[in-house]
Structure formats: C-alpha cells, structure tokens
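Structure below is run-v9.pdb: PDB, C-alpha atoms.
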MODEL        1
ATOM      1  CA  LEU A   1      -0.291 -11.832 -22.935  1.00  0.00           C
ATOM      2  CA  LEU A   2      -3.421 -12.553 -20.889  1.00  0.00           C
ATOM      3  CA  GLU A   3      -3.289 -16.225 -21.841  1.00  0.00           C
ATOM      4  CA  ASP A   4       0.309 -16.399 -20.620  1.00  0.00           C
ATOM      5  CA  LEU A   5      -0.685 -14.731 -17.354  1.00  0.00           C
ATOM      6  CA  TYR A   6      -3.615 -17.123 -16.972  1.00  0.00           C
ATOM      7  CA  ASP A   7      -1.332 -20.110 -17.580  1.00  0.00           C
ATOM      8  CA  ARG A   8       1.224 -18.883 -15.044  1.00  0.00           C
ATOM      9  CA  VAL A   9      -1.415 -18.264 -12.381  1.00  0.00           C
ATOM     10  CA  SER A  10      -3.159 -21.590 -12.993  1.00  0.00           C
ATOM     11  CA  ARG A  11       0.149 -23.512 -12.672  1.00  0.00           C
ATOM     12  CA  ALA A  12       1.119 -21.751  -9.446  1.00  0.00           C
ATOM     13  CA  THR A  13       0.835 -23.047  -5.912  1.00  0.00           C
ATOM     14  CA  ARG A  14      -2.149 -22.004  -3.830  1.00  0.00           C
ATOM     15  CA  LEU A  15      -0.039 -19.585  -1.820  1.00  0.00           C
ATOM     16  CA  GLU A  16       1.245 -17.899  -4.975  1.00  0.00           C
ATOM     17  CA  GLN A  17      -2.302 -17.675  -6.358  1.00  0.00           C
ATOM     18  CA  ALA A  18      -3.603 -16.179  -3.122  1.00  0.00           C
ATOM     19  CA  ASP A  19      -0.708 -13.744  -3.079  1.00  0.00           C
ATOM     20  CA  PHE A  20      -1.393 -12.718  -6.679  1.00  0.00           C
ATOM     21  CA  TRP A  21      -5.142 -12.165  -6.206  1.00  0.00           C
ATOM     22  CA  LEU A  22      -4.674 -10.371  -2.868  1.00  0.00           C
ATOM     23  CA  ARG A  23      -2.143  -8.059  -4.514  1.00  0.00           C
ATOM     24  CA  ILE A  24      -4.603  -7.293  -7.347  1.00  0.00           C
ATOM     25  CA  PHE A  25      -7.460  -6.716  -4.871  1.00  0.00           C
ATOM     26  CA  MET A  26      -5.441  -4.385  -2.634  1.00  0.00           C
ATOM     27  CA  GLY A  27      -4.173  -2.458  -5.661  1.00  0.00           C
ATOM     28  CA  GLY A  28      -7.754  -2.066  -6.871  1.00  0.00           C
ATOM     29  CA  MET A  29      -8.822  -0.780  -3.465  1.00  0.00           C
ATOM     30  CA  PHE A  30      -6.137   1.914  -3.540  1.00  0.00           C
ATOM     31  CA  LEU A  31      -7.138   2.895  -7.085  1.00  0.00           C
ATOM     32  CA  CYS A  32     -10.793   3.141  -5.983  1.00  0.00           C
ATOM     33  CA  LEU A  33      -9.783   5.418  -3.107  1.00  0.00           C
ATOM     34  CA  CYS A  34      -7.782   7.538  -5.524  1.00  0.00           C
ATOM     35  CA  TYR A  35     -10.727   7.846  -7.901  1.00  0.00           C
ATOM     36  CA  GLN A  36     -13.148   8.656  -5.080  1.00  0.00           C
ATOM     37  CA  GLN A  37     -10.940  11.435  -3.743  1.00  0.00           C
ATOM     38  CA  SER A  38     -10.140  12.891  -7.141  1.00  0.00           C
ATOM     39  CA  GLU A  39     -13.863  13.086  -7.967  1.00  0.00           C
ATOM     40  CA  THR A  40     -14.789  14.734  -4.656  1.00  0.00           C
ATOM     41  CA  PRO A  41     -15.335  18.463  -5.244  1.00  0.00           C
ATOM     42  CA  HIS A  42     -13.274  20.676  -2.922  1.00  0.00           C
ATOM     43  CA  PHE A  43     -11.461  17.679  -1.440  1.00  0.00           C
ATOM     44  CA  ASP A  44      -9.095  19.935   0.498  1.00  0.00           C
ATOM     45  CA  GLY A  45     -12.014  21.378   2.468  1.00  0.00           C
ATOM     46  CA  VAL A  46     -13.467  17.925   3.021  1.00  0.00           C
ATOM     47  CA  LEU A  47     -10.100  16.663   4.269  1.00  0.00           C
ATOM     48  CA  THR A  48      -9.698  19.642   6.610  1.00  0.00           C
ATOM     49  CA  SER A  49     -13.127  19.072   8.158  1.00  0.00           C
ATOM     50  CA  GLN A  50     -12.428  15.322   8.421  1.00  0.00           C
ATOM     51  CA  LEU A  51      -9.129  15.976  10.204  1.00  0.00           C
ATOM     52  CA  GLU A  52     -10.882  18.433  12.534  1.00  0.00           C
ATOM     53  CA  TYR A  53     -13.553  15.836  13.333  1.00  0.00           C
ATOM     54  CA  TRP A  54     -10.929  13.156  13.974  1.00  0.00           C
ATOM     55  CA  ALA A  55      -8.870  15.453  16.186  1.00  0.00           C
ATOM     56  CA  THR A  56     -11.784  16.671  18.298  1.00  0.00           C
ATOM     57  CA  ASN A  57     -12.141  13.692  20.626  1.00  0.00           C
ATOM     58  CA  ASN A  58      -9.096  11.615  19.782  1.00  0.00           C
ATOM     59  CA  PRO A  59      -8.083   9.769  22.971  1.00  0.00           C
ATOM     60  CA  LEU A  60      -4.467   9.652  21.855  1.00  0.00           C
ATOM     61  CA  PHE A  61      -3.393  13.125  22.955  1.00  0.00           C
ATOM     62  CA  TRP A  62      -0.023  12.939  21.225  1.00  0.00           C
ATOM     63  CA  TYR A  63      -1.748  12.116  17.947  1.00  0.00           C
ATOM     64  CA  GLN A  64      -4.355  14.803  18.557  1.00  0.00           C
ATOM     65  CA  ASP A  65      -1.469  17.298  18.761  1.00  0.00           C
ATOM     66  CA  HIS A  66      -0.043  15.804  15.553  1.00  0.00           C
ATOM     67  CA  LEU A  67      -3.374  16.297  13.777  1.00  0.00           C
ATOM     68  CA  HIS A  68      -3.769  19.907  14.960  1.00  0.00           C
ATOM     69  CA  GLY A  69      -0.138  20.956  14.656  1.00  0.00           C
ATOM     70  CA  ILE A  70       1.074  19.246  11.495  1.00  0.00           C
ATOM     71  CA  LEU A  71      -1.651  17.664   9.383  1.00  0.00           C
ATOM     72  CA  MET A  72      -4.386  20.306   9.542  1.00  0.00           C
ATOM     73  CA  PRO A  73      -2.137  23.205   8.417  1.00  0.00           C
ATOM     74  CA  LEU A  74      -0.896  21.028   5.544  1.00  0.00           C
ATOM     75  CA  ALA A  75      -4.347  19.757   4.533  1.00  0.00           C
ATOM     76  CA  GLY A  76      -4.238  21.511   1.134  1.00  0.00           C
ATOM     77  CA  ILE A  77      -0.905  19.955   0.206  1.00  0.00           C
ATOM     78  CA  ILE A  78      -1.971  16.567   1.542  1.00  0.00           C
ATOM     79  CA  ALA A  79      -5.237  16.766  -0.437  1.00  0.00           C
ATOM     80  CA  CYS A  80      -3.244  17.345  -3.629  1.00  0.00           C
ATOM     81  CA  CYS A  81      -0.703  14.575  -2.953  1.00  0.00           C
ATOM     82  CA  LEU A  82      -2.961  11.917  -1.439  1.00  0.00           C
ATOM     83  CA  PRO A  83      -4.711  10.749  -4.646  1.00  0.00           C
ATOM     84  CA  TRP A  84      -1.356  10.561  -6.440  1.00  0.00           C
ATOM     85  CA  ILE A  85       0.162   8.498  -3.634  1.00  0.00           C
ATOM     86  CA  GLN A  86      -2.819   6.156  -3.624  1.00  0.00           C
ATOM     87  CA  MET A  87      -2.720   5.836  -7.405  1.00  0.00           C
ATOM     88  CA  THR A  88       0.999   5.018  -7.279  1.00  0.00           C
ATOM     89  CA  ILE A  89       0.487   2.378  -4.572  1.00  0.00           C
ATOM     90  CA  GLY A  90      -2.436   0.836  -6.484  1.00  0.00           C
ATOM     91  CA  ALA A  91      -0.569   0.770  -9.790  1.00  0.00           C
ATOM     92  CA  CYS A  92       2.538  -0.711  -8.160  1.00  0.00           C
ATOM     93  CA  LEU A  93       0.472  -3.465  -6.571  1.00  0.00           C
ATOM     94  CA  ILE A  94      -1.503  -4.316  -9.701  1.00  0.00           C
ATOM     95  CA  LEU A  95       1.604  -4.351 -11.884  1.00  0.00           C
ATOM     96  CA  GLY A  96       3.721  -6.016  -9.223  1.00  0.00           C
ATOM     97  CA  ALA A  97       6.397  -3.360  -9.689  1.00  0.00           C
ATOM     98  CA  PHE A  98       8.394  -1.874  -6.810  1.00  0.00           C
ATOM     99  CA  THR A  99       6.048  -3.527  -4.321  1.00  0.00           C
ATOM    100  CA  GLN A 100       8.689  -3.655  -1.593  1.00  0.00           C
ATOM    101  CA  PHE A 101       8.772   0.162  -1.698  1.00  0.00           C
ATOM    102  CA  ALA A 102       5.038   0.763  -2.162  1.00  0.00           C
ATOM    103  CA  LEU A 103       3.847  -1.555   0.604  1.00  0.00           C
ATOM    104  CA  PRO A 104       5.583   0.271   3.500  1.00  0.00           C
ATOM    105  CA  VAL A 105       4.003   3.494   2.227  1.00  0.00           C
ATOM    106  CA  ALA A 106       0.624   1.734   2.280  1.00  0.00           C
ATOM    107  CA  VAL A 107       1.237   0.564   5.867  1.00  0.00           C
ATOM    108  CA  PHE A 108       2.200   4.115   6.885  1.00  0.00           C
ATOM    109  CA  PHE A 109      -0.919   5.456   5.155  1.00  0.00           C
ATOM    110  CA  ASN A 110      -3.235   2.987   6.928  1.00  0.00           C
ATOM    111  CA  LEU A 111      -1.479   3.423  10.281  1.00  0.00           C
ATOM    112  CA  ASN A 112      -2.094   7.167  10.178  1.00  0.00           C
ATOM    113  CA  ILE A 113      -5.776   6.678   9.382  1.00  0.00           C
ATOM    114  CA  LEU A 114      -6.002   4.066  12.124  1.00  0.00           C
ATOM    115  CA  LEU A 115      -4.469   6.413  14.709  1.00  0.00           C
ATOM    116  CA  ALA A 116      -6.520   9.393  13.562  1.00  0.00           C
ATOM    117  CA  ALA A 117      -9.929   7.732  13.288  1.00  0.00           C
ATOM    118  CA  GLN A 118      -9.783   4.749  15.636  1.00  0.00           C
ATOM    119  CA  HIS A 119     -12.130   6.407  18.131  1.00  0.00           C
ATOM    120  CA  THR A 120     -14.892   7.274  15.647  1.00  0.00           C
ATOM    121  CA  HIS A 121     -16.269   3.838  14.793  1.00  0.00           C
ATOM    122  CA  PRO A 122     -15.197   0.247  15.542  1.00  0.00           C
ATOM    123  CA  ALA A 123     -15.676  -0.754  11.888  1.00  0.00           C
ATOM    124  CA  LEU A 124     -13.196   1.898  10.757  1.00  0.00           C
ATOM    125  CA  PHE A 125     -10.675   0.596  13.275  1.00  0.00           C
ATOM    126  CA  GLY A 126     -11.186  -2.996  12.156  1.00  0.00           C
ATOM    127  CA  LEU A 127     -11.050  -2.176   8.460  1.00  0.00           C
ATOM    128  CA  ASN A 128      -7.756  -0.293   8.707  1.00  0.00           C
ATOM    129  CA  LEU A 129      -6.273  -2.957  10.957  1.00  0.00           C
ATOM    130  CA  ARG A 130      -7.209  -5.652   8.427  1.00  0.00           C
ATOM    131  CA  PHE A 131      -5.742  -3.607   5.582  1.00  0.00           C
ATOM    132  CA  MET A 132      -2.484  -3.236   7.503  1.00  0.00           C
ATOM    133  CA  VAL A 133      -2.297  -6.979   8.205  1.00  0.00           C
ATOM    134  CA  LEU A 134      -2.978  -7.825   4.550  1.00  0.00           C
ATOM    135  CA  VAL A 135      -0.437  -5.306   3.298  1.00  0.00           C
ATOM    136  CA  LEU A 136       2.174  -6.639   5.733  1.00  0.00           C
ATOM    137  CA  ALA A 137       1.419 -10.177   4.545  1.00  0.00           C
ATOM    138  CA  LEU A 138       2.012  -9.047   0.962  1.00  0.00           C
ATOM    139  CA  TYR A 139       5.261  -7.408   2.025  1.00  0.00           C
ATOM    140  CA  TRP A 140       6.576 -10.501   3.806  1.00  0.00           C
ATOM    141  CA  THR A 141       5.733 -12.799   0.896  1.00  0.00           C
ATOM    142  CA  GLN A 142       7.447 -10.435  -1.577  1.00  0.00           C
ATOM    143  CA  CYS A 143       4.309 -10.410  -3.683  1.00  0.00           C
ATOM    144  CA  GLY A 144       5.809  -8.760  -6.764  1.00  0.00           C
ATOM    145  CA  GLN A 145       8.217 -11.631  -7.339  1.00  0.00           C
ATOM    146  CA  TYR A 146       5.391 -13.801  -8.655  1.00  0.00           C
ATOM    147  CA  CYS A 147       3.601 -12.693 -11.841  1.00  0.00           C
ATOM    148  CA  GLY A 148       4.815  -9.137 -11.445  1.00  0.00           C
ATOM    149  CA  PHE A 149       7.407  -6.788 -12.796  1.00  0.00           C
ATOM    150  CA  ASP A 150       9.491  -7.087  -9.620  1.00  0.00           C
ATOM    151  CA  GLN A 151      10.532 -10.472 -10.913  1.00  0.00           C
ATOM    152  CA  LEU A 152      11.978  -8.823 -14.014  1.00  0.00           C
ATOM    153  CA  ILE A 153      13.278  -5.641 -12.372  1.00  0.00           C
ATOM    154  CA  PHE A 154      15.108  -7.235  -9.470  1.00  0.00           C
ATOM    155  CA  LYS A 155      16.053 -10.483 -11.217  1.00  0.00           C
ATOM    156  CA  SER A 156      18.882  -8.835 -13.105  1.00  0.00           C
ATOM    157  CA  THR A 157      20.346  -7.222  -9.978  1.00  0.00           C
ATOM    158  CA  THR A 158      20.034 -10.426  -7.967  1.00  0.00           C
ATOM    159  CA  SER A 159      21.573 -12.584 -10.683  1.00  0.00           C
ATOM    160  CA  SER A 160      24.439 -10.137 -11.251  1.00  0.00           C
ATOM    161  CA  ASN A 161      25.195 -10.062  -7.513  1.00  0.00           C
ATOM    162  CA  SER A 162      25.164 -13.859  -7.301  1.00  0.00           C
ATOM    163  CA  HIS A 163      27.307 -14.032 -10.453  1.00  0.00           C
ATOM    164  CA  LYS A 164      29.886 -11.711  -8.832  1.00  0.00           C
ATOM    165  CA  ALA A 165      29.846 -13.861  -5.689  1.00  0.00           C
ATOM    166  CA  LYS A 166      30.465 -16.993  -7.778  1.00  0.00           C
ATOM    167  CA  LYS A 167      33.426 -15.310  -9.496  1.00  0.00           C
ATOM    168  CA  LYS A 168      34.961 -14.413  -6.129  1.00  0.00           C
ATOM    169  CA  THR A 169      34.678 -17.958  -4.847  1.00  0.00           C
ATOM    170  CA  VAL A 170      36.158 -19.374  -8.056  1.00  0.00           C
ATOM    171  CA  LYS A 171      39.167 -17.014  -7.853  1.00  0.00           C
ATOM    172  CA  SER A 172      39.883 -17.861  -4.245  1.00  0.00           C
TER     173      SER A 172
ENDMDL
END
Can you give me the file's structure in the form of structure tokens?
Amino acid sequence: LLEDLYDRVSRATRLEQADFWLRIFMGGMFLCLCYQQSETPHFDGVLTSQLEYWATNNPLFWYQDHLHGILMPLAGIIACCLPWIQMTIGACLILGAFTQFALPVAVFFNLNILLAAQHTHPALFGLNLRFMVLVLALYWTQCGQYCGFDQLIFKSTTSSNSHKAKKKTVKS
C-alpha cells in the first residue's frame, strides 16, 4: 500500500506533489492542535481566560461583542467540541476524504482566531493569515482528488452523472 502511494506520488506533476504534501502537513498541524488541547488540563478554563484576554482590547468592537456575548458563555461547549473538530479536519486532510467540506470549516476556524487575536501579536496575525491562504489554496486545487479518498468517493457520483448525461444526448 505504501509502495503504491510512493509510486503514485513520484509519478505525479510537481503541482500534484506539492498539493499532496501541503495537505498532509496541514492535516498534521490540525492533529497536533487537537492533541495539544486534549492534553491541556482544564482546557475549558484556559479557553475562557484566553477569550477574555482576546476580548479585552480587541479593536474590532463588533467582534469584541461577539466574543463577550456568544463565545465566552459557550466556552465549555466549545472546549469540548474544538478538539473533535480539529481532529476531524486533520484526519480528512491526511486521508484526503471529504476535503471540500473540511476545508471551509478550517477557514472558518482560522478566520475566527484571526479576528479574535489579531491585535495581540503580529506573528499570530501572520500565522493565521498564512494558514487561511494555504487552506484556500488546497480548497481551490481540490486536494483530495489526488492520492486521496475523495477520488474514490466522488468518482462514482461524477461518473454516474456523466453517464446519465451521455444517455440523454444519445436518446435525443
């Protein structure tokens, strides 16, 4: 199985190789975040204090209200769901399965962190902006179609739709 994967990647174009390795890297980053948060004791308290810190001097007043009014009261629920969401995104990217559904969630995730923490440190702003650009690049290149399960999952639906279209044109 690994030899077949190695052969497929080595025969691919440079763009497909870059797409494959970027997808694996980004999936690994989301899995590392998941592991880090699941190993943090009392993560709900840590998340609440982090949201409070981000909301204190946020220059975006509408997002400051969003942090205080919506996210901080739901910090316990978010702390329970966040590692699972990150694990799902990471697994989808590494396996190349349902990437066109997982990548918009990843963009939404990074956009919220960008808006919440953009005033705290320039490196945090730059890191989240880069992550969003990379995730959008993966989305636009349909990264799961190459060496991923998306190729198998959506191949049957695409081929059946094109087969139906061919039948219609033959009948007419």
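Each of A:Ala123, A:Ala102, A:Ile113, A:Leu134 was compared to Met26 of chain A using only C-alpha atoms, and A:Leu134 turns out to be the nearest.
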Output of the PyMOL selection byres ((chain A and resi 146) around 10), listed as a PyMOL selection string: chain A and resi 8-9+12+16-17+19-20+96+141-145+147-152
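Relative to atom CA of Leu129 of chain A, atom CA of Gly27 of chain A is found at 16.8 Å.
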Could you list, as a tab-separated table (two decimals) with C-alpha atoms, in the coordinates of the input, every residue within 12 Å of Asn112 of chain A, counting all atoms listed in the file and ignoring same-chain residues fewer than 5 positions away?
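out.tsv, freshly written:
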chain	number	residue	atom	x	y	z
A	51	LEU	CA	-9.13	15.98	10.20
A	54	TRP	CA	-10.93	13.16	13.97
A	63	TYR	CA	-1.75	12.12	17.95
A	64	GLN	CA	-4.36	14.80	18.56
A	66	HIS	CA	-0.04	15.80	15.55
A	67	LEU	CA	-3.37	16.30	13.78
A	71	LEU	CA	-1.65	17.66	9.38
A	105	VAL	CA	4.00	3.49	2.23
A	106	ALA	CA	0.62	1.73	2.28
A	107	VAL	CA	1.24	0.56	5.87
A	117	ALA	CA	-9.93	7.73	13.29
A	118	GLN	CA	-9.78	4.75	15.64
A	125	PHE	CA	-10.68	0.60	13.28
A	128	ASN	CA	-7.76	-0.29	8.71
A	129	LEU	CA	-6.27	-2.96	10.96
A	132	MET	CA	-2.48	-3.24	7.50
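Using only C-alpha atoms, every residue with an atom at most 6 Å from the point (2.4, -0.2, -3.2) is listed here: Ile89, Gly90, Cys92, Leu93, Thr99, Ala102 and Leu103 of chain A.
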Length of the atom CA of Asp44 of chain A to atom CA of Ala75 of chain A vector [Å]: 6.2 Å
Atomic separation - atom CA of Val135 of chain A relative to atom CA of Met29 of chain A, Å: 11.7 Å
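Of the residues listed (A:Thr120, A:Ile70, A:Phe109, A:Trp84), A:Thr120 shows the shortest atom-to-atom separation from Gln50 of chain A; distances use all atoms listed in the file.
You can rank A:Arg11, A:Lys155, A:Arg23, A:His68 by their closest distance to Leu138 of chain A using only C-alpha atoms, and at the top of that list sits A:Arg23.
Of the listed residues A:Leu33, A:Met87, A:Ile94, A:Leu111, the one whose atoms come nearest to Leu136 of chain A is A:Leu111, with distances taken using only C-alpha atoms.
Nearest-residue note for Cys81 of chain A: choosing from A:Ile153, A:Leu115, A:Ala18, A:Cys34, the minimum distance belongs to A:Cys34, counting only C-alpha atoms.
Restricting the calculation to all atoms listed in the file, the smallest distance between Phe131 of chain A and any of A:Ala91, A:Cys80, A:Ala116, A:Leu22 is found for A:Leu22.
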